[in-house]
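Trainee: Handing over model30.cif, mmCIF, C-alpha atoms.
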data_entry
#
loop_
_atom_site.label_atom_id
_atom_site.label_comp_id
_atom_site.auth_asym_id
_atom_site.auth_seq_id
_atom_site.Cartn_x
_atom_site.Cartn_y
_atom_site.Cartn_z
CA MET A 2 -3.86 -42.48 -23.27
CA PRO A 3 -4.72 -42.65 -19.55
CA PHE A 4 -4.86 -39.50 -17.44
CA LYS A 5 -1.67 -38.61 -15.62
CA ARG A 6 -2.75 -35.67 -13.44
CA TYR A 7 -5.68 -36.37 -11.15
CA VAL A 8 -7.83 -34.07 -9.06
CA GLU A 9 -6.97 -35.15 -5.54
CA ILE A 10 -6.40 -33.53 -2.21
CA GLY A 11 -2.99 -31.94 -2.36
CA ARG A 12 -2.90 -31.44 -6.15
CA VAL A 13 -1.34 -28.09 -7.03
CA ALA A 14 -3.24 -26.27 -9.75
CA LEU A 15 -2.82 -23.04 -11.68
CA VAL A 16 -5.75 -20.64 -11.78
CA ASN A 17 -6.40 -19.67 -15.40
CA TYR A 18 -9.38 -17.33 -15.12
CA GLY A 19 -10.73 -14.71 -12.82
CA LYS A 20 -9.44 -12.53 -10.06
CA ASP A 21 -6.69 -14.96 -9.01
CA HIS A 22 -5.42 -15.56 -12.55
CA GLY A 23 -1.90 -16.94 -12.61
CA LYS A 24 -1.79 -18.08 -9.01
CA LEU A 25 -0.75 -21.51 -7.81
CA VAL A 26 -3.36 -23.04 -5.48
CA VAL A 27 -3.73 -26.36 -3.71
CA ILE A 28 -6.90 -28.43 -3.93
CA VAL A 29 -7.83 -29.15 -0.33
CA ASP A 30 -11.28 -30.68 -0.83
CA VAL A 31 -13.80 -31.51 -3.52
CA VAL A 32 -17.20 -29.87 -3.15
CA ASP A 33 -19.07 -31.67 -5.89
CA GLN A 34 -18.62 -32.75 -9.47
CA ASN A 35 -17.71 -29.29 -10.66
CA ARG A 36 -16.15 -27.45 -7.78
CA ALA A 37 -13.19 -27.79 -5.48
CA LEU A 38 -12.15 -26.08 -2.32
CA VAL A 39 -8.80 -24.44 -2.98
CA ASP A 40 -6.33 -22.74 -0.72
CA ALA A 41 -3.05 -20.91 -1.09
CA PRO A 42 -0.73 -19.26 1.44
CA ASP A 43 -1.73 -15.77 0.35
CA MET A 44 -5.46 -16.12 -0.18
CA VAL A 45 -8.60 -16.97 1.72
CA ARG A 46 -9.72 -20.57 1.31
CA SER A 47 -12.52 -20.57 -1.26
CA GLN A 48 -14.32 -22.71 -3.79
CA MET A 49 -13.47 -22.69 -7.45
CA ASN A 50 -14.88 -24.36 -10.50
CA PHE A 51 -12.57 -26.94 -12.05
CA LYS A 52 -12.91 -25.09 -15.32
CA ARG A 53 -10.90 -22.28 -13.76
CA LEU A 54 -8.07 -24.59 -12.78
CA THR A 55 -5.32 -26.24 -14.76
CA LEU A 56 -3.72 -29.17 -12.96
CA THR A 57 0.05 -29.31 -12.61
CA ASP A 58 2.38 -32.23 -11.95
CA ILE A 59 3.06 -31.13 -8.41
CA LYS A 60 1.31 -32.84 -5.51
CA ILE A 61 1.76 -32.27 -1.80
CA ASP A 62 0.99 -34.48 1.15
CA ILE A 63 -1.90 -33.07 3.19
CA ASN A 64 -5.07 -34.24 4.84
CA LYS A 65 -8.52 -33.01 3.90
CA VAL A 66 -8.87 -29.24 4.55
CA PRO A 67 -5.73 -28.60 6.58
CA LYS A 68 -5.19 -25.55 8.74
CA LYS A 69 -3.40 -22.70 7.02
CA LYS A 70 -0.21 -23.27 8.98
CA THR A 71 -0.23 -26.98 8.15
CA LEU A 72 -0.75 -26.18 4.51
CA ILE A 73 2.14 -23.72 4.44
CA ASP A 74 4.43 -26.21 6.17
CA ALA A 75 3.47 -28.95 3.74
CA MET A 76 4.15 -26.65 0.81
CA GLU A 77 7.56 -25.77 2.22
CA LYS A 78 8.38 -29.45 2.70
CA ALA A 79 7.42 -30.35 -0.83
CA ASP A 80 9.25 -27.23 -2.07
CA VAL A 81 6.40 -26.31 -4.39
CA LYS A 82 7.76 -22.86 -5.24
CA ASN A 83 11.16 -24.05 -6.45
CA LYS A 84 9.75 -27.07 -8.25
CA TRP A 85 7.38 -24.78 -10.09
CA GLU A 86 9.96 -22.15 -10.96
CA ASN A 87 12.34 -24.78 -12.29
CA SER A 88 9.75 -26.64 -14.35
CA SER A 89 9.58 -25.69 -18.03
CA TRP A 90 5.96 -24.54 -17.65
CA GLY A 91 6.82 -22.33 -14.70
CA ARG A 92 9.85 -20.88 -16.45
CA LYS A 93 7.79 -20.07 -19.53
CA LEU A 94 5.30 -18.12 -17.44
CA ILE A 95 8.08 -16.19 -15.73
CA VAL A 96 9.60 -15.27 -19.09
CA GLN A 97 6.19 -14.21 -20.44
CA LYS A 98 5.69 -11.94 -17.44
CA ARG A 99 9.12 -10.41 -17.81
CA ARG A 100 8.61 -9.74 -21.50
CA ALA A 101 5.25 -8.10 -20.89
CA SER A 102 6.72 -5.78 -18.30
CA LEU A 103 9.57 -4.54 -20.53
CA ASP A 104 9.50 -0.82 -21.19
CA ASP A 105 10.31 0.75 -24.55
CA PHE A 106 14.05 0.98 -23.86
CA GLY A 107 14.02 -2.64 -22.68
CA ARG A 108 12.39 -3.78 -25.89
CA PHE A 109 15.01 -1.88 -27.88
CA LYS A 110 17.87 -3.51 -25.99
CA LEU A 111 16.21 -6.89 -26.49
CA MET A 112 16.08 -6.28 -30.22
CA LEU A 113 19.78 -5.42 -30.30
CA ALA A 114 20.59 -8.56 -28.33
CA LYS A 115 18.56 -10.74 -30.69
CA ILE A 116 20.30 -9.30 -33.71
CA LYS A 117 23.70 -9.82 -32.12
CA LYS A 118 22.91 -13.41 -31.20
CA ALA A 119 21.61 -14.16 -34.67
CA GLY A 120 24.79 -12.71 -36.13
CA ILE A 121 26.99 -14.96 -34.00
CA VAL A 122 24.93 -18.03 -34.87
CA ARG A 123 25.15 -17.21 -38.56
CA GLN A 124 28.90 -16.83 -38.35
CA GLU A 125 29.31 -20.22 -36.70
CA LEU A 126 27.01 -21.80 -39.25
CA ALA A 127 29.00 -20.30 -42.09
CA LYS A 128 32.20 -21.65 -40.54
CA LEU A 129 30.73 -25.13 -40.26
CA LYS A 130 29.44 -25.01 -43.79
CA LYS A 131 32.85 -24.07 -45.03
CA GLU A 132 34.43 -26.98 -43.13
CA THR A 133 32.04 -29.59 -44.51
CA SER A 134 32.23 -28.31 -48.06
CA ALA A 135 36.04 -28.09 -47.95
CA MET B 19 -19.29 43.42 2.24
CA ALA B 20 -17.72 43.64 5.69
CA ALA B 21 -14.06 42.65 6.01
CA LYS B 22 -13.67 38.84 5.95
CA ARG B 23 -12.22 37.08 8.97
CA LYS B 24 -8.95 35.25 8.60
CA THR B 25 -10.43 31.92 9.76
CA PRO B 26 -14.17 31.32 9.34
CA VAL B 27 -15.94 31.20 12.71
CA LYS B 28 -17.37 27.82 13.49
CA THR B 29 -21.11 27.95 14.17
CA ARG B 30 -22.09 28.65 17.71
CA ASN B 31 -25.18 26.49 17.24
CA PRO B 32 -24.18 23.03 16.02
CA ASP B 33 -26.82 20.84 14.35
CA LEU B 34 -28.16 17.88 16.27
CA ILE B 35 -29.77 16.65 13.09
CA ARG B 36 -30.47 18.66 9.98
CA GLY B 37 -32.89 21.41 10.85
CA VAL B 38 -32.57 21.16 14.62
CA GLY B 39 -29.95 23.19 16.49
CA LYS B 40 -28.52 22.33 19.84
CA TYR B 41 -29.43 25.60 21.51
CA SER B 42 -32.80 27.29 21.82
CA ARG B 43 -33.57 30.86 20.76
CA SER B 44 -33.06 32.24 24.23
CA LYS B 45 -29.80 30.35 24.71
CA MET B 46 -28.55 31.64 21.37
CA TYR B 47 -29.54 35.17 22.33
CA HIS B 48 -27.29 34.84 25.31
CA LYS B 49 -24.46 33.15 23.38
CA ARG B 50 -24.39 35.82 20.70
CA GLY B 51 -24.04 38.46 23.35
CA LEU B 52 -27.04 40.47 22.18
CA TRP B 53 -27.66 41.36 25.83
CA ALA B 54 -24.21 42.98 25.95
CA ILE B 55 -24.88 44.95 22.77
CA LYS B 56 -28.17 46.16 24.23
CA ALA B 57 -26.56 47.07 27.54
CA LYS B 58 -23.85 49.06 25.79
CA ASN B 59 -26.52 50.95 23.85
CA GLY B 60 -28.81 51.77 26.78
CA GLY B 61 -31.38 48.99 26.59
CA VAL B 62 -32.18 49.12 22.89
CA PHE B 63 -30.55 47.67 19.84
CA PRO B 64 -28.33 50.18 18.05
CA ARG B 65 -29.95 51.63 14.97
CA HIS B 66 -28.03 52.92 12.04
CA ASP B 67 -29.76 55.41 9.78
CA PRO B 68 -29.28 54.64 6.12
CA GLN B 69 -26.20 56.39 4.79
CA PRO B 70 -26.93 59.13 2.27
CA LYS B 71 -26.39 57.69 -1.20
CA ALA B 72 -23.84 59.52 -3.33
CA SER B 73 -25.95 61.25 -6.01
CA ALA B 74 -25.30 59.70 -9.39
CA ALA B 75 -24.38 62.05 -12.23
CA ALA B 76 -27.51 63.17 -14.10
CA GLU B 77 -27.91 60.76 -17.04
CA LYS B 78 -28.60 62.28 -20.42
CA PRO B 79 -31.40 60.62 -22.37
CA PRO B 80 -29.78 58.58 -25.19
CA LYS B 81 -29.78 59.98 -28.72
CA PHE B 82 -30.65 56.72 -30.42
CA TYR B 83 -33.06 53.98 -29.50
CA PRO B 84 -32.65 50.81 -31.62
CA ALA B 85 -35.81 49.61 -33.39
CA ASP B 86 -35.72 46.08 -31.96
CA ASP B 87 -34.62 44.95 -28.58
CA VAL B 88 -31.35 43.17 -29.23
CA LYS B 89 -30.27 40.68 -26.59
CA LYS B 90 -26.84 41.20 -25.17
CA PRO B 91 -24.78 38.03 -25.01
CA LEU B 92 -24.11 36.84 -21.48
CA LEU B 93 -20.88 37.92 -19.89
CA ASN B 94 -18.13 35.25 -20.01
CA LYS B 95 -15.55 35.55 -17.27
CA ARG B 96 -14.01 32.12 -17.90
CA LYS B 97 -10.23 31.93 -17.63
CA PRO B 98 -8.76 28.80 -19.21
CA LYS B 99 -6.67 26.79 -16.76
CA PRO B 100 -2.99 26.07 -17.46
CA THR B 101 -2.59 22.71 -19.19
CA LYS B 102 -2.09 19.95 -16.68
CA LEU B 103 1.09 17.99 -17.27
CA ARG B 104 0.72 14.22 -17.14
CA ALA B 105 2.35 12.69 -14.08
CA SER B 106 4.46 10.42 -16.28
CA ILE B 107 6.14 13.41 -17.98
CA THR B 108 8.95 14.83 -15.82
CA PRO B 109 11.99 16.84 -16.95
CA GLY B 110 14.37 14.39 -18.61
CA THR B 111 11.74 11.90 -19.75
CA VAL B 112 12.23 10.34 -23.16
CA LEU B 113 9.09 11.03 -25.20
CA ILE B 114 7.93 9.33 -28.38
CA LEU B 115 6.61 11.94 -30.82
CA LEU B 116 3.53 10.66 -32.54
CA ALA B 117 2.84 13.14 -35.30
CA GLY B 118 4.48 15.64 -37.56
CA ARG B 119 7.86 15.70 -39.23
CA PHE B 120 9.52 13.79 -36.39
CA MET B 121 6.87 11.09 -36.07
CA GLY B 122 8.23 8.11 -34.16
CA LYS B 123 11.37 9.87 -32.97
CA ARG B 124 12.38 9.60 -29.37
CA ALA B 125 13.18 13.01 -27.91
CA VAL B 126 14.07 14.34 -24.49
CA PHE B 127 11.57 16.48 -22.58
CA LEU B 128 13.02 19.67 -21.09
CA LYS B 129 10.19 21.70 -19.63
CA GLN B 130 6.61 22.80 -20.05
CA LEU B 131 6.21 26.31 -21.48
CA SER B 132 3.65 28.80 -20.27
CA SER B 133 1.37 28.05 -23.22
CA GLY B 134 1.16 24.43 -22.10
CA LEU B 135 3.31 23.05 -24.90
CA LEU B 136 6.29 20.86 -24.09
CA LEU B 137 9.83 21.97 -24.90
CA VAL B 138 11.70 19.07 -26.40
CA THR B 139 15.11 18.41 -27.90
CA GLY B 140 16.59 15.44 -29.81
CA PRO B 141 19.42 16.03 -28.92
CA PHE B 142 19.92 17.40 -32.41
CA LYS B 143 23.21 15.61 -33.07
CA ILE B 144 21.69 12.25 -32.21
CA ASN B 145 18.36 12.21 -33.99
CA GLY B 146 17.84 15.52 -35.76
CA VAL B 147 15.10 16.80 -33.49
CA PRO B 148 15.91 20.45 -32.67
CA LEU B 149 14.66 22.52 -29.75
CA ARG B 150 11.00 22.29 -30.51
CA ARG B 151 7.58 22.76 -29.02
CA VAL B 152 5.29 19.78 -28.97
CA ASN B 153 1.76 19.21 -27.74
CA GLN B 154 1.30 16.83 -24.84
CA SER B 155 -1.47 14.99 -26.65
CA TYR B 156 0.82 13.93 -29.48
CA VAL B 157 3.35 12.29 -27.27
CA ILE B 158 3.86 8.99 -25.46
CA ALA B 159 5.90 9.24 -22.29
CA THR B 160 8.30 6.35 -21.75
CA SER B 161 9.67 5.44 -18.36
CA THR B 162 13.26 6.15 -19.45
CA LYS B 163 14.63 9.25 -17.75
CA ILE B 164 17.73 11.28 -18.57
CA ASP B 165 19.59 13.46 -16.12
CA ILE B 166 18.80 17.02 -17.09
CA SER B 167 20.41 18.91 -14.22
CA GLY B 168 23.24 20.28 -16.33
CA VAL B 169 20.92 22.05 -18.74
CA ASP B 170 19.77 25.65 -18.40
CA VAL B 171 16.35 26.01 -20.00
CA ASP B 172 15.28 29.28 -18.42
CA LYS B 173 15.81 31.39 -21.49
CA PHE B 174 13.35 29.43 -23.65
CA ASP B 175 9.72 30.44 -23.75
CA ASP B 176 6.97 30.72 -26.35
CA LYS B 177 8.29 34.05 -27.64
CA TYR B 178 11.55 32.34 -28.65
CA PHE B 179 9.63 30.16 -31.08
CA THR B 180 7.37 32.68 -32.79
CA LYS B 181 7.82 33.10 -36.55
CA GLU B 182 9.69 36.15 -37.78
CA VAL B 183 7.39 38.65 -39.56
CA LEU B 184 8.69 39.10 -43.13
CA LYS B 185 8.56 42.53 -44.66
CA LYS B 186 6.25 42.59 -47.68
CA LYS B 187 7.91 43.30 -51.02
CA LYS B 188 6.02 45.19 -53.69
CA GLY B 189 6.62 44.97 -57.43
CA GLU B 190 6.66 41.97 -59.76
CA GLY B 191 10.33 41.95 -60.69
CA GLU B 192 11.46 41.87 -57.12
CA PHE B 193 8.80 39.30 -56.26
CA PHE B 194 10.35 36.46 -58.26
CA GLU B 195 13.83 37.22 -57.04
CA ALA B 196 12.69 37.26 -53.44
CA GLU B 197 11.14 33.81 -53.76
CA LYS B 198 14.32 32.33 -55.15
CA GLU B 199 16.71 33.63 -52.51
CA ASP B 200 14.37 33.19 -49.57
CA LYS B 201 15.87 29.99 -48.20
CA LYS B 202 15.29 30.90 -44.55
CA LYS B 203 18.63 30.26 -42.91
CA LEU B 204 18.63 29.46 -39.22
CA PRO B 205 20.18 32.30 -37.24
CA GLU B 206 23.51 31.45 -35.66
CA ASP B 207 22.37 32.20 -32.12
CA LYS B 208 19.68 29.51 -32.35
CA LYS B 209 22.31 27.03 -33.44
CA GLU B 210 24.44 28.05 -30.47
CA ASP B 211 21.48 27.60 -28.11
CA GLN B 212 20.92 24.12 -29.48
CA LYS B 213 24.57 23.18 -28.96
CA ALA B 214 24.58 24.57 -25.42
CA VAL B 215 21.50 22.62 -24.41
CA ASP B 216 22.67 19.40 -26.01
CA ALA B 217 26.22 19.38 -24.66
CA SER B 218 25.56 18.00 -21.19
CA LEU B 219 22.72 15.78 -22.44
CA ILE B 220 24.95 14.05 -24.96
CA LYS B 221 27.61 13.45 -22.32
CA PHE B 222 25.09 11.69 -20.10
CA ILE B 223 23.60 9.76 -22.99
CA GLU B 224 26.93 8.39 -24.10
CA GLY B 225 27.48 7.13 -20.57
CA VAL B 226 24.49 4.79 -20.74
CA PRO B 227 24.97 1.76 -23.03
CA ASP B 228 22.67 1.60 -26.07
CA LEU B 229 20.89 4.83 -25.12
CA LYS B 230 22.38 6.75 -28.04
CA ALA B 231 21.22 4.14 -30.54
CA TYR B 232 17.84 4.08 -28.81
CA LEU B 233 17.35 7.81 -29.25
CA ALA B 234 18.56 7.67 -32.83
CA ALA B 235 16.07 4.97 -33.81
CA ARG B 236 12.43 5.61 -34.58
CA PHE B 237 9.61 3.86 -32.80
CA SER B 238 7.17 1.81 -34.85
CA LEU B 239 4.49 -0.72 -34.11
CA LYS B 240 5.52 -4.17 -35.28
CA SER B 241 3.40 -7.22 -35.89
CA GLY B 242 2.04 -8.62 -32.65
CA MET B 243 2.55 -5.46 -30.60
CA LYS B 244 -0.65 -4.45 -28.90
CA PRO B 245 -0.47 -0.78 -27.80
CA HIS B 246 -2.93 -1.28 -24.96
CA GLU B 247 -0.78 -4.06 -23.54
CA LEU B 248 2.59 -2.42 -24.05
CA VAL B 249 4.37 -0.94 -21.07
CA PHE B 250 6.11 2.26 -22.07
#
Just give me the structure as structure tokens.
Mentor:
Amino acid sequence: MPFKRYVEIGRVALVNYGKDHGKLVVIVDVVDQNRALVDAPDMVRSQMNFKRLTLTDIKIDINKVPKKKTLIDAMEKADVKNKWENSSWGRKLIVQKRRASLDDFGRFKLMLAKIKKAGIVRQELAKLKKETSA
Amino acid sequence: MAAKRKTPVKTRNPDLIRGVGKYSRSKMYHKRGLWAIKAKNGGVFPRHDPQPKASAAAEKPPKFYPADDVKKPLLNKRKPKPTKLRASITPGTVLILLAGRFMGKRAVFLKQLSSGLLLVTGPFKINGVPLRRVNQSYVIATSTKIDISGVDVDKFDDKYFTKEVLKKKKGEGEFFEAEKEDKKKLPEDKKEDQKAVDASLIKFIEGVPDLKAYLAARFSLKSGMKPHELVF
């Protein structure tokens, strides 16, 4: 079981703790064994402990500690945002956020939709059962 | 006290730092115009003799002196403030009632009465909640709003909701009969008021998909729902 995602310059990581929780950041340099210098288009470049980061599959092509503009251009070229939003991990996070922000009426409508969907599935299943048993 | 000015005068002697004014005594004398007052009065400050006090009516010595000195309680001039309405509760908001007979029901907020209580209605046809008063503390405000412009709520106030005073009946024989027939029917005019208020509300509600079923259903906490994380 070798490692597949490595800490390297250009690795995109997700922050899983702290003030920037949920943000995608790029590792632009390694400070020491425990810390990395991270940067993102909408935050000030800062150091972060690796324990606060979860590595993703996405990697972009940059040199050590690029200028902000260079970083943004590299992220556009690698299309990080779309790759993330289309990945199953990214989609799951988006769905989680949407569910958490539902208001009471939204949750009610969701419940009705679930019941309706389950009803349709059950009907189809019953039809199939009838066909195989017949 | 002398008549108050419309706008307070700003000080003629601003502070340089606390305790030290910008102008000296002599400069302030000049700024205040005390020289002009003196000049107008012939070189001396005007002097007003004390006004003769109106003689108070001669007090009679009291008839009764209490044995011990009893302390009088301090005067309380406190006026309670009108209840502040939460910013999330606006006319037309759907509220979740948290206690009482209609616990969990979702009702529509109409207005805040002068006592601070909230006037709420089901509408009655949809969920059985009549025109009712409800305390703000026993309510969760959702972010769902209903258009309430077609409703006239001016005639409702706290007096509308006070209980009728029943006339007391004397005599045992009558007593038992009275209990049996006392079913407390709702007066027809209250039913009419309810219908009038609900008419335009129901029309709007039926225009929004699922809203009628939403108001008819009760709210309950299910497994996994964390109230502090829920967005209402």
Trainee: For the PyMOL selection byres ((chain B) within 8 of (chain A)), applied here, can you spell out every residue it catches as a PDB file with C-alpha atoms, in the coordinates of the input?
Mentor:
ATOM      1  CA  THR B 160       8.300   6.350 -21.750  1.00  0.00           C
ATOM      2  CA  SER B 161       9.670   5.440 -18.360  1.00  0.00           C
ATOM      3  CA  THR B 162      13.260   6.150 -19.450  1.00  0.00           C
ATOM      4  CA  ASP B 228      22.670   1.600 -26.070  1.00  0.00           C
ATOM      5  CA  LEU B 229      20.890   4.830 -25.120  1.00  0.00           C
ATOM      6  CA  TYR B 232      17.840   4.080 -28.810  1.00  0.00           C
ATOM      7  CA  GLU B 247      -0.780  -4.060 -23.540  1.00  0.00           C
ATOM      8  CA  LEU B 248       2.590  -2.420 -24.050  1.00  0.00           C
ATOM      9  CA  VAL B 249       4.370  -0.940 -21.070  1.00  0.00           C
ATOM     10  CA  PHE B 250       6.110   2.260 -22.070  1.00  0.00           C
TER      11      PHE B 250
END
Trainee: Please evaluate the PyMOL selection byres ((chain B and resi 176) around 8) against the displayed coordinates and give the resulting residues as a JSON list (two decimals) with C-alpha atoms, in the frame of the given file.
Mentor:
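And here's expr-v6.json as it stands now:
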[["chain", "number", "residue", "atom", "x", "y", "z"],
["B", 131, "LEU", "CA", 6.21, 26.31, -21.48],
["B", 132, "SER", "CA", 3.65, 28.80, -20.27],
["B", 133, "SER", "CA", 1.37, 28.05, -23.22],
["B", 174, "PHE", "CA", 13.35, 29.43, -23.65],
["B", 175, "ASP", "CA", 9.72, 30.44, -23.75],
["B", 177, "LYS", "CA", 8.29, 34.05, -27.64],
["B", 178, "TYR", "CA", 11.55, 32.34, -28.65],
["B", 179, "PHE", "CA", 9.63, 30.16, -31.08],
["B", 180, "THR", "CA", 7.37, 32.68, -32.79]]
Trainee: Quote the spacing between atom CA of Ile164 of chain B and atom CA of His246 of chain B in Å to one decimal place.
Mentor: 25.0 Å
Trainee: Got a sec: who's within 12 Å of segment 82-95 of chain A, counting only C-alpha atoms, leaving out chain neighbours fewer than 4 positions off, as a PyMOL selection string?
Mentor: chain A and resi 13-15+17+23-26+41-42+55-61+73+75-78+99-102
Trainee: Which residue, A:Met49, A:Met2, A:Leu72, A:Val8, has the smallest gap to Lys20 of chain A when you use only C-alpha atoms?
Mentor: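 When distances to Lys20 of chain A are compared using only C-alpha atoms, the smallest one comes from A:Met49.
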Trainee: Give me, please, the distance in Å between atom CA of Gln154 of chain B and atom CA of Gly134 of chain B, quoted to one decimal.
Mentor: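 One can read the atom CA of Gln154 of chain B to atom CA of Gly134 of chain B distance as 8.1 Å.
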Trainee: Which distance in Å separates atom CA of Gly39 of chain B and atom CA of Gly51 of chain B, to one decimal?
Mentor: 17.8 Å
Trainee: Which of these, B:Gln212, B:Lys99, B:Phe63, B:Pro245, has the shortest distance to Gly146 of chain B once you count only C-alpha atoms?
Mentor: B:Gln212
Trainee: Show me the residues close to (-10.1, -25.9, -11.3) - anything with an atom within 12 Å, counting only C-alpha atoms - and format the list as an NGL selection string.
Mentor: :A and (7-9 or 12-19 or 21-22 or 24-40 or 47-57)
Trainee: Kindly resolve the PyMOL selection byres ((chain A and resi 63) around 6) on the present coordinates and return the residues as a list of chain:residue names.
Mentor: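 For this structure, the PyMOL selection byres ((chain A and resi 63) around 6) captures A:Gly11, A:Asp62, A:Asn64.
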Trainee: Taking the block above, write segment 59-74 of chain A with N, CA, C and O atoms as a compact mmCIF listing (two decimals), in the first residue's frame.
Mentor:
# COMPACT_ATOMS: atom_id res chain seq x y z
N ILE A 59 -5.44 16.76 -6.41
CA ILE A 59 -5.14 17.79 -7.39
C ILE A 59 -3.75 18.36 -7.14
O ILE A 59 -3.36 18.60 -5.99
N LYS A 60 -3.00 18.55 -8.23
CA LYS A 60 -1.67 19.15 -8.10
C LYS A 60 -1.52 20.17 -9.21
O LYS A 60 -1.98 19.96 -10.32
N ILE A 61 -0.91 21.31 -8.86
CA ILE A 61 -0.70 22.31 -9.92
C ILE A 61 0.80 22.53 -10.11
O ILE A 61 1.61 22.17 -9.26
N ASP A 62 1.12 23.16 -11.22
CA ASP A 62 2.53 23.29 -11.63
C ASP A 62 3.04 24.67 -11.24
O ASP A 62 2.77 25.65 -11.94
N ILE A 63 3.74 24.77 -10.12
CA ILE A 63 4.29 26.07 -9.73
C ILE A 63 5.71 25.87 -9.20
O ILE A 63 6.10 24.77 -8.84
N ASN A 64 6.43 27.00 -9.15
CA ASN A 64 7.74 26.96 -8.52
C ASN A 64 7.59 27.24 -7.04
O ASN A 64 6.52 27.60 -6.56
N LYS A 65 8.71 27.16 -6.32
CA LYS A 65 8.66 27.40 -4.87
C LYS A 65 8.22 28.84 -4.61
O LYS A 65 8.74 29.77 -5.15
N VAL A 66 7.21 28.99 -3.74
CA VAL A 66 6.70 30.31 -3.29
C VAL A 66 6.48 31.27 -4.47
O VAL A 66 7.25 32.22 -4.66
N PRO A 67 5.48 31.01 -5.27
CA PRO A 67 5.24 31.91 -6.40
C PRO A 67 4.57 33.19 -5.93
O PRO A 67 4.03 33.28 -4.83
N LYS A 68 4.60 34.20 -6.82
CA LYS A 68 3.87 35.43 -6.51
C LYS A 68 2.38 35.11 -6.59
O LYS A 68 1.97 34.16 -7.24
N LYS A 69 1.58 35.97 -5.95
CA LYS A 69 0.15 35.70 -5.89
C LYS A 69 -0.44 35.58 -7.29
O LYS A 69 -1.24 34.69 -7.57
N LYS A 70 -0.02 36.49 -8.16
CA LYS A 70 -0.59 36.48 -9.52
C LYS A 70 -0.23 35.18 -10.24
O LYS A 70 -1.06 34.57 -10.91
N THR A 71 1.04 34.76 -10.07
CA THR A 71 1.48 33.52 -10.71
C THR A 71 0.66 32.35 -10.18
O THR A 71 0.26 31.46 -10.94
N LEU A 72 0.43 32.36 -8.89
CA LEU A 72 -0.33 31.27 -8.28
C LEU A 72 -1.73 31.22 -8.86
O LEU A 72 -2.24 30.16 -9.24
N ILE A 73 -2.37 32.40 -8.94
CA ILE A 73 -3.74 32.44 -9.44
C ILE A 73 -3.79 31.96 -10.89
O ILE A 73 -4.67 31.19 -11.28
N ASP A 74 -2.80 32.39 -11.69
CA ASP A 74 -2.79 31.95 -13.09
C ASP A 74 -2.60 30.44 -13.18
O ASP A 74 -3.24 29.77 -14.00
